Amino acid sequence: LVQLVESGGGSVESGGSLRLSCKISGAADNNYCMGWFHQGPGQAREGIAAADNNGRISYADSVKGRFTISIDNAKNTLYLQMNSLKPEDTAMYYCAAGAGVYRDYRFDIGSEGDYGYWGPGTQVTVSA
């Protein structure tokens, strides 16, 4: 059974940085896609970044140039480096694992239903 646990959330001021981590356990191999989602109050869960085991990466436009997703396979840990944070980034952040989404030969983040395993989430709050 694949288990995911996020950490690294917290409260920062606008323009600040945070690095989220997601520890992965129970996976038989590295043949999976990992993604980061966020969900603000009263909003749907939205994919913001994803990476597959072949080095393909995809970002949502809202975070492109500010957030960086990476995987350390030796440590079985997924990261999300978040820079230039904005108040609208305030949300619960979740990591997820799935088979990967490929549309028209392009790697895509996909949606919530494309991922079968989820962590409990970590809160990020950005003040103005």
# chains A, B, ... in the order shown; residues from 1 in each chain; ligands from 1
$ closest_atom_pairs --of "range 6-48 of chain A" --to "range 81-95 of chain A" --cutoff "6 Å" --atoms "only C-alpha atoms" --output "tab-separated table"
residue	atom	partner	partner_atom	distance
A:Ser14	CA	A:Lys86	CA	5.0
A:Gly15	CA	A:Ser84	CA	4.2
A:Gly16	CA	A:Leu85	CA	5.5
A:Ser17	CA	A:Asn83	CA	4.4
A:Leu18	CA	A:Met82	CA	5.2
A:Arg19	CA	A:Gln81	CA	4.4
A:Gly35	CA	A:Cys95	CA	5.6
A:Trp36	CA	A:Cys95	CA	4.6
A:Phe37	CA	A:Tyr94	CA	5.1
A:His38	CA	A:Tyr93	CA	4.4
A:Gln39	CA	A:Ala91	CA	5.2
A:Gly40	CA	A:Ala91	CA	4.2
$ residues_around --residues "Ala97 in chain A" --least-positions-apart "6" --cutoff "6 Å" --atoms "only C-alpha atoms" --output "number ranges by chain"
A: 33-34, 115, 117
$ closest_residue --among "A:Lys23, A:Ala128, A:Gln43, A:Asp108" --to "Gly8 in chain A" --atoms "only C-alpha atoms"
A:Lys23
$ select_by_dssp --residues "chain A" --states "strand (DSSP E or B)" --output "PyMOL selection string"
chain A and resi 3-7+10-13+18-25+33-39+46-51+57-59+67-72+77-82+91-98+101-103+106-108+115-118+122-127
$ write_last_selection --atoms "C-alpha atoms" --output "short mmCIF file (atom, residue, chain, number, x, y, z; two decimals), in the first residue's frame"
data_model
loop_
_atom_site.label_atom_id
_atom_site.label_comp_id
_atom_site.auth_asym_id
_atom_site.auth_seq_id
_atom_site.Cartn_x
_atom_site.Cartn_y
_atom_site.Cartn_z
CA GLN A 3 1.48 5.92 1.67
CA LEU A 4 2.28 9.61 1.29
CA VAL A 5 2.94 12.12 4.05
CA GLU A 6 3.48 15.82 3.40
CA SER A 7 5.44 18.24 5.56
CA GLY A 10 3.48 26.98 7.41
CA SER A 11 2.79 30.70 7.43
CA VAL A 12 4.88 33.16 5.44
CA GLU A 13 4.58 36.71 4.22
CA LEU A 18 8.59 27.41 1.51
CA ARG A 19 9.70 23.92 0.55
CA LEU A 20 7.17 21.14 0.87
CA SER A 21 8.23 17.51 1.17
CA CYS A 22 6.27 14.34 0.56
CA LYS A 23 7.67 11.09 1.93
CA ILE A 24 6.66 8.06 -0.14
CA SER A 25 6.50 4.56 1.31
CA CYS A 33 3.81 9.84 -11.57
CA MET A 34 3.85 12.27 -8.65
CA GLY A 35 1.82 15.43 -8.41
CA TRP A 36 1.15 18.38 -6.15
CA PHE A 37 -2.37 19.75 -5.75
CA HIS A 38 -3.75 22.60 -3.72
CA GLN A 39 -7.22 23.37 -2.45
CA GLU A 46 -6.37 21.82 -8.43
CA GLY A 47 -3.22 20.25 -9.82
CA ILE A 48 -0.26 22.62 -9.85
CA ALA A 49 2.77 20.45 -10.68
CA ALA A 50 3.60 16.90 -11.67
CA ALA A 51 6.65 14.82 -12.52
CA ILE A 57 7.53 17.83 -15.64
CA SER A 58 4.40 19.92 -16.01
CA TYR A 59 3.25 23.06 -14.17
CA PHE A 67 7.38 26.71 -8.06
CA THR A 68 9.74 23.80 -8.77
CA ILE A 69 8.87 20.12 -8.40
CA SER A 70 11.60 17.54 -7.87
CA ILE A 71 11.97 13.92 -6.84
CA ASP A 72 14.81 12.37 -4.86
CA THR A 77 10.78 11.98 -1.34
CA LEU A 78 8.94 14.45 -3.55
CA TYR A 79 9.57 18.18 -3.12
CA LEU A 80 7.86 21.41 -4.07
CA GLN A 81 10.01 24.52 -3.80
CA MET A 82 7.70 27.51 -3.65
CA ALA A 91 -4.38 26.56 0.50
CA MET A 92 -4.02 23.02 1.73
CA TYR A 93 -1.33 21.31 -0.33
CA TYR A 94 -1.49 17.62 -1.16
CA CYS A 95 0.92 15.24 -2.86
CA ALA A 96 -0.48 12.41 -4.93
CA ALA A 97 0.72 9.37 -6.87
CA GLY A 98 -0.75 7.91 -10.03
CA VAL A 101 -1.43 11.57 -17.69
CA TYR A 102 -0.31 11.83 -21.31
CA ARG A 103 -2.44 13.71 -23.82
CA ARG A 106 2.40 15.55 -23.89
CA PHE A 107 2.79 14.93 -20.17
CA ASP A 108 0.01 16.65 -18.27
CA TYR A 115 -4.34 9.94 -8.95
CA GLY A 116 -5.03 6.97 -6.71
CA TYR A 117 -2.94 7.76 -3.66
CA TRP A 118 -3.02 10.92 -1.56
CA THR A 122 -0.16 20.38 4.71
CA GLN A 123 -1.45 23.93 5.16
CA VAL A 124 0.26 26.90 3.52
CA THR A 125 -0.82 30.39 4.53
CA VAL A 126 0.57 33.49 2.83
CA SER A 127 -0.17 36.86 4.39
#
$ atom_distance --atom1 "CA of Asp61 in chain A" --atom2 "CA of Ala74 in chain A"
29.4 Å
$ atom_distance --atom1 "CA of Pro120 in chain A" --atom2 "CA of Lys75 in chain A"
19.7 Å
$ closest_residue --among "A:Ala44, A:Asn53, A:Val2, A:Val63" --to "Glu112 in chain A" --atoms "only C-alpha atoms"
A:Ala44
$ closest_residue --among "A:Gly100, A:Gly26, A:Gly110, A:Pro41" --to "Arg56 in chain A" --atoms "only C-alpha atoms"
A:Gly100
$ atom_distance --atom1 "CA of Tyr32 in chain A" --atom2 "CA of Asp52 in chain A"
6.3 Å
